[in-house]
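Colleague: This is the content of coords26.cif (mmCIF, C-alpha atoms):
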data_target
#
loop_
_atom_site.group_PDB
_atom_site.id
_atom_site.type_symbol
_atom_site.label_atom_id
_atom_site.label_comp_id
_atom_site.auth_asym_id
_atom_site.auth_seq_id
_atom_site.Cartn_x
_atom_site.Cartn_y
_atom_site.Cartn_z
ATOM 1 C CA MET A 1 -10.256 -14.711 52.127
ATOM 2 C CA GLN A 2 -8.774 -18.163 51.890
ATOM 3 C CA LYS A 3 -7.796 -17.580 48.237
ATOM 4 C CA VAL A 4 -5.528 -14.724 49.300
ATOM 5 C CA TYR A 5 -3.862 -16.569 52.173
ATOM 6 C CA LYS A 6 -2.765 -19.665 50.208
ATOM 7 C CA PRO A 7 -0.428 -17.804 47.787
ATOM 8 C CA VAL A 8 0.961 -15.683 50.600
ATOM 9 C CA LEU A 9 1.640 -18.736 52.744
ATOM 10 C CA TRP A 10 3.185 -20.535 49.767
ATOM 11 C CA LEU A 11 5.534 -17.615 49.043
ATOM 12 C CA PHE A 12 6.444 -17.376 52.729
ATOM 13 C CA ALA A 13 7.263 -21.112 52.834
ATOM 14 C CA VAL A 14 9.465 -20.823 49.720
ATOM 15 C CA TYR A 15 11.235 -17.791 51.187
ATOM 16 C CA ILE A 16 11.924 -19.479 54.516
ATOM 17 C CA SER A 17 13.182 -22.690 52.904
ATOM 18 C CA SER A 18 15.576 -20.820 50.608
ATOM 19 C CA SER A 19 16.836 -18.233 53.071
ATOM 20 C CA PRO A 20 20.247 -18.373 54.778
ATOM 21 C CA ILE A 21 18.497 -19.377 58.012
ATOM 22 C CA SER A 22 17.716 -22.794 56.534
ATOM 23 C CA ILE A 23 21.427 -23.598 56.041
ATOM 24 C CA ALA A 24 22.553 -22.403 59.478
ATOM 25 C CA GLN A 25 22.436 -25.930 60.888
ATOM 26 C CA SER A 26 23.965 -27.700 57.888
ATOM 27 C CA PRO A 27 26.751 -30.224 58.581
ATOM 28 C CA GLY A 28 30.186 -28.642 58.764
ATOM 29 C CA ASN A 29 28.716 -25.125 58.895
ATOM 30 C CA THR A 30 30.152 -24.325 55.483
ATOM 31 C CA PRO A 31 29.143 -20.931 54.157
ATOM 32 C CA PRO A 32 27.115 -20.870 50.945
ATOM 33 C CA ALA A 33 28.876 -20.147 47.664
ATOM 34 C CA LYS A 34 29.111 -16.440 46.973
ATOM 35 C CA SER A 35 27.490 -15.045 43.873
ATOM 36 C CA LYS A 36 29.358 -12.511 41.807
ATOM 37 C CA ILE A 37 27.857 -9.960 39.475
ATOM 38 C CA GLU A 38 30.325 -8.411 37.086
ATOM 39 C CA ILE A 39 29.963 -5.810 34.377
ATOM 40 C CA SER A 40 32.585 -6.001 31.677
ATOM 41 C CA GLY A 41 32.821 -4.970 28.073
ATOM 42 C CA ASN A 42 34.608 -6.337 25.079
ATOM 43 C CA PHE A 43 35.425 -5.438 21.506
ATOM 44 C CA ILE A 44 35.768 -8.196 18.923
ATOM 45 C CA VAL A 45 36.750 -8.114 15.250
ATOM 46 C CA ALA A 46 35.677 -11.272 13.398
ATOM 47 C CA THR A 47 35.621 -12.394 9.785
ATOM 48 C CA ASP A 48 34.048 -15.115 7.632
ATOM 49 C CA PHE A 49 36.556 -14.238 4.872
ATOM 50 C CA LYS A 50 33.824 -12.419 2.892
ATOM 51 C CA SER A 51 32.772 -9.797 5.433
ATOM 52 C CA VAL A 52 34.225 -8.244 8.560
ATOM 53 C CA TYR A 53 32.181 -7.987 11.765
ATOM 54 C CA THR A 54 32.887 -5.602 14.619
ATOM 55 C CA SER A 55 31.116 -6.536 17.843
ATOM 56 C CA TYR A 56 30.772 -4.466 20.985
ATOM 57 C CA GLY A 57 29.980 -6.794 23.863
ATOM 58 C CA GLY A 58 26.509 -7.914 24.821
ATOM 59 C CA PRO A 59 24.707 -10.116 27.320
ATOM 60 C CA ALA A 60 26.617 -13.250 28.235
ATOM 61 C CA VAL A 61 26.714 -16.244 30.533
ATOM 62 C CA LYS A 62 30.241 -16.490 31.888
ATOM 63 C CA PHE A 63 31.996 -19.637 33.119
ATOM 64 C CA THR A 64 35.190 -18.912 35.086
ATOM 65 C CA PHE A 65 37.789 -21.691 35.209
ATOM 66 C CA SER A 66 40.578 -19.828 36.976
ATOM 67 C CA LYS A 67 41.502 -16.264 37.839
ATOM 68 C CA ASN A 68 42.562 -15.503 34.246
ATOM 69 C CA LEU A 69 40.713 -18.085 32.090
ATOM 70 C CA TYR A 70 37.001 -17.942 31.280
ATOM 71 C CA ALA A 71 34.476 -18.832 28.568
ATOM 72 C CA CYS A 72 31.247 -17.064 27.631
ATOM 73 C CA ILE A 73 28.134 -17.885 25.662
ATOM 74 C CA SER A 74 27.256 -14.464 24.374
ATOM 75 C CA MET A 75 25.293 -12.215 22.049
ATOM 76 C CA TYR A 76 27.290 -9.975 19.714
ATOM 77 C CA PRO A 77 25.626 -6.728 18.651
ATOM 78 C CA GLY A 78 27.710 -4.943 16.066
ATOM 79 C CA LEU A 79 28.269 -3.955 12.470
ATOM 80 C CA ARG A 80 28.823 -6.009 9.316
ATOM 81 C CA TRP A 81 31.301 -4.485 6.891
ATOM 82 C CA LYS A 82 30.480 -6.189 3.593
ATOM 83 C CA ASN A 83 33.324 -6.517 1.100
ATOM 84 C CA ASP A 84 31.540 -5.820 -2.188
ATOM 85 C CA PRO A 85 33.512 -4.305 -5.108
ATOM 86 C CA ALA A 86 30.407 -2.579 -6.514
ATOM 87 C CA LYS A 87 29.551 -0.782 -3.270
ATOM 88 C CA SER A 88 30.770 -0.898 0.278
ATOM 89 C CA THR A 89 28.009 -1.382 2.831
ATOM 90 C CA VAL A 90 27.860 -1.253 6.620
ATOM 91 C CA LEU A 91 24.890 -3.011 8.212
ATOM 92 C CA PRO A 92 23.843 -3.484 11.853
ATOM 93 C CA ILE A 93 23.803 -7.125 12.894
ATOM 94 C CA LEU A 94 23.297 -9.333 15.931
ATOM 95 C CA GLY A 95 25.239 -12.548 16.385
ATOM 96 C CA THR A 96 25.465 -15.302 18.945
ATOM 97 C CA GLY A 97 28.194 -17.720 19.876
ATOM 98 C CA MET A 98 30.960 -18.229 22.360
ATOM 99 C CA HIS A 99 34.304 -16.784 23.226
ATOM 100 C CA VAL A 100 37.205 -17.866 25.386
ATOM 101 C CA GLY A 101 39.271 -15.292 27.206
ATOM 102 C CA TYR A 102 42.643 -15.256 28.874
ATOM 103 C CA LYS A 103 43.308 -12.114 30.909
ATOM 104 C CA SER A 104 42.339 -9.336 28.445
ATOM 105 C CA LEU A 105 42.603 -11.322 25.189
ATOM 106 C CA ILE A 106 39.578 -12.978 23.556
ATOM 107 C CA LEU A 107 39.198 -15.669 20.895
ATOM 108 C CA ALA A 108 35.617 -15.611 19.561
ATOM 109 C CA LEU A 109 33.553 -18.008 17.452
ATOM 110 C CA PRO A 110 30.367 -16.042 16.639
ATOM 111 C CA LEU A 111 27.502 -17.000 14.320
ATOM 112 C CA TYR A 112 25.672 -14.280 12.404
ATOM 113 C CA TYR A 113 22.334 -14.661 10.624
ATOM 114 C CA ILE A 114 22.223 -12.891 7.258
ATOM 115 C CA THR A 115 18.543 -12.200 6.593
ATOM 116 C CA ASN A 116 18.685 -11.419 2.874
ATOM 117 C CA GLU A 117 20.628 -14.657 2.209
ATOM 118 C CA ASN A 118 18.663 -16.771 4.746
ATOM 119 C CA LYS A 119 21.941 -18.259 6.047
ATOM 120 C CA TRP A 120 23.958 -18.468 9.217
ATOM 121 C CA LYS A 121 27.569 -17.358 8.751
ATOM 122 C CA ALA A 122 30.252 -18.689 11.075
ATOM 123 C CA ALA A 123 33.145 -16.367 11.805
ATOM 124 C CA ILE A 124 36.335 -16.371 13.818
ATOM 125 C CA GLY A 125 37.678 -13.352 15.602
ATOM 126 C CA VAL A 126 39.960 -11.857 18.190
ATOM 127 C CA GLY A 127 39.248 -9.151 20.688
ATOM 128 C CA ILE A 128 40.046 -7.364 23.889
ATOM 129 C CA ARG A 129 38.201 -7.144 27.206
ATOM 130 C CA PHE A 130 37.996 -3.938 29.173
#
Take the structure in the file and give it back as structure tokens.

Modeller:
Amino acid sequence: MQKVYKPVLWLFAVYISSSPISIAQSPGNTPPAKSKIEISGNFIVATDFKSVYTSYGGPAVKFTFSKNLYACISMYPGLRWKNDPAKSTVLPILGTGMHVGYKSLILALPLYYITNENKWKAAIGVGIRF
């Protein structure tokens, strides 16, 4: 029986210490910072001057500096449009990198891993947020 009670008591203690009740008597009675969950999408067109990449949003960690200016560390799922004179190919690809946005405009610096070449390709792109 004691093995069951210890984890339950531990979880209860963690809950109580992190709940809003524990900050009710803090100096100045300042309210805690509000969390914000936001769902947004973006479309980015990037190039490494050999291929074109179209990216369609993805998971990101967003840092907001002001009402209109933000930066994200993001994943970029999309398509790689390879510029090959012999044959034109479109391949699915996943990239990672960062982008900076102002209002609805985005400047992106993604990195894409090309598996058949065993190389990371850096690209630069512009996009729009919706």

Colleague: Out of A:Pro77, A:Lys82, A:Ser66, A:Ala123, which residue has the shortest atom-to-atom distance to A:Gly41 when counting only C-alpha atoms?

Modeller: A:Pro77

Colleague: Skip A:Gly97 itself and residues of its chain fewer than 4 positions away, then list as a PyMOL selection string all residues within 7 Å of it, counting all atoms listed in the file.

Modeller: chain A and resi 73-75+109-111

Colleague: Selected residues, C-alpha atoms, written as a CSV table (one decimal), in the frame of the given file, please.

Modeller:
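Output file out-v2.csv follows:
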chain,number,residue,atom,x,y,z
A,73,ILE,CA,28.1,-17.9,25.7
A,74,SER,CA,27.3,-14.5,24.4
A,75,MET,CA,25.3,-12.2,22.0
A,109,LEU,CA,33.6,-18.0,17.5
A,110,PRO,CA,30.4,-16.0,16.6
A,111,LEU,CA,27.5,-17.0,14.3

Colleague: May I ask which of the residues A:Thr64, A:Asn118, A:Asn83, A:Ser55 is the closest one to A:Thr96, counting all atoms listed in the file?

Modeller: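 Ranked by minimum distance to A:Thr96, first place goes to A:Ser55.
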
Colleague: Please identify all polymer residues within 6 Å of A:Ile128, counting only C-alpha atoms, omitting same-chain residues fewer than 4 positions from it, and present them as a PyMOL selection string.

Modeller: chain A and resi 42-43+104-106

Colleague: Tell me, as number ranges by chain, which residues lie within 7 Å of A:Val52, counting all atoms listed in the file; anything in the same chain fewer than 3 positions away does not count.

Modeller: A: 46-48, 80-82

Colleague: At what distance in Å, to one decimal, does atom CA of A:Leu79 lie from atom CA of A:Lys119?

Modeller: 16.9 Å

Colleague: Just say which residues the PyMOL selection byres ((chain A and resi 71) around 7) picks in this file, as an mmCIF file with C-alpha atoms, in the frame of the given file.

Modeller:
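The result, written out as expr16.cif:
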data_model
loop_
_atom_site.group_PDB
_atom_site.id
_atom_site.type_symbol
_atom_site.label_atom_id
_atom_site.label_comp_id
_atom_site.auth_asym_id
_atom_site.auth_seq_id
_atom_site.Cartn_x
_atom_site.Cartn_y
_atom_site.Cartn_z
ATOM 1 C CA LYS A 62 30.241 -16.490 31.888
ATOM 2 C CA PHE A 63 31.996 -19.637 33.119
ATOM 3 C CA THR A 64 35.190 -18.912 35.086
ATOM 4 C CA TYR A 70 37.001 -17.942 31.280
ATOM 5 C CA CYS A 72 31.247 -17.064 27.631
ATOM 6 C CA HIS A 99 34.304 -16.784 23.226
ATOM 7 C CA VAL A 100 37.205 -17.866 25.386
ATOM 8 C CA GLY A 101 39.271 -15.292 27.206
#

Colleague: What lies within 10 Å of A:Asp84 using all atoms listed in the file, ignoring chain neighbours under 3 positions off, as a list of chain:residue names?

Modeller: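 Everything that qualifies: A:Lys50, A:Ser51, A:Trp81, A:Lys87, A:Ser88, A:Thr89.
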
Colleague: What's the separation between atom CA of A:Lys103 and atom CA of A:Gly58, in Å to one decimal place?

Modeller: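 Interatomic distance, atom CA of A:Lys103 to atom CA of A:Gly58: 18.4 Å.
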
Colleague: A:Ile39: which residues within 12 Å, counting all atoms listed in the file, same-chain residues fewer than 5 positions away excluded, as a short mmCIF file (atom, residue, chain, number, x, y, z; two decimals) with C-alpha atoms, in the coordinates of the input?

Modeller:
data_model
loop_
_atom_site.label_atom_id
_atom_site.label_comp_id
_atom_site.auth_asym_id
_atom_site.auth_seq_id
_atom_site.Cartn_x
_atom_site.Cartn_y
_atom_site.Cartn_z
CA GLY A 57 29.98 -6.79 23.86
CA GLY A 58 26.51 -7.91 24.82
CA PRO A 59 24.71 -10.12 27.32
CA ALA A 60 26.62 -13.25 28.24
CA VAL A 61 26.71 -16.24 30.53
CA LYS A 62 30.24 -16.49 31.89
CA ARG A 129 38.20 -7.14 27.21
CA PHE A 130 38.00 -3.94 29.17
#

Colleague: For the atom pair atom CA of A:Ile44 and atom CA of A:Ile93, what is the interatomic distance in Å to one decimal place?

Modeller: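 We find that atom CA of A:Ile44 and atom CA of A:Ile93 lie 13.4 Å from each other.
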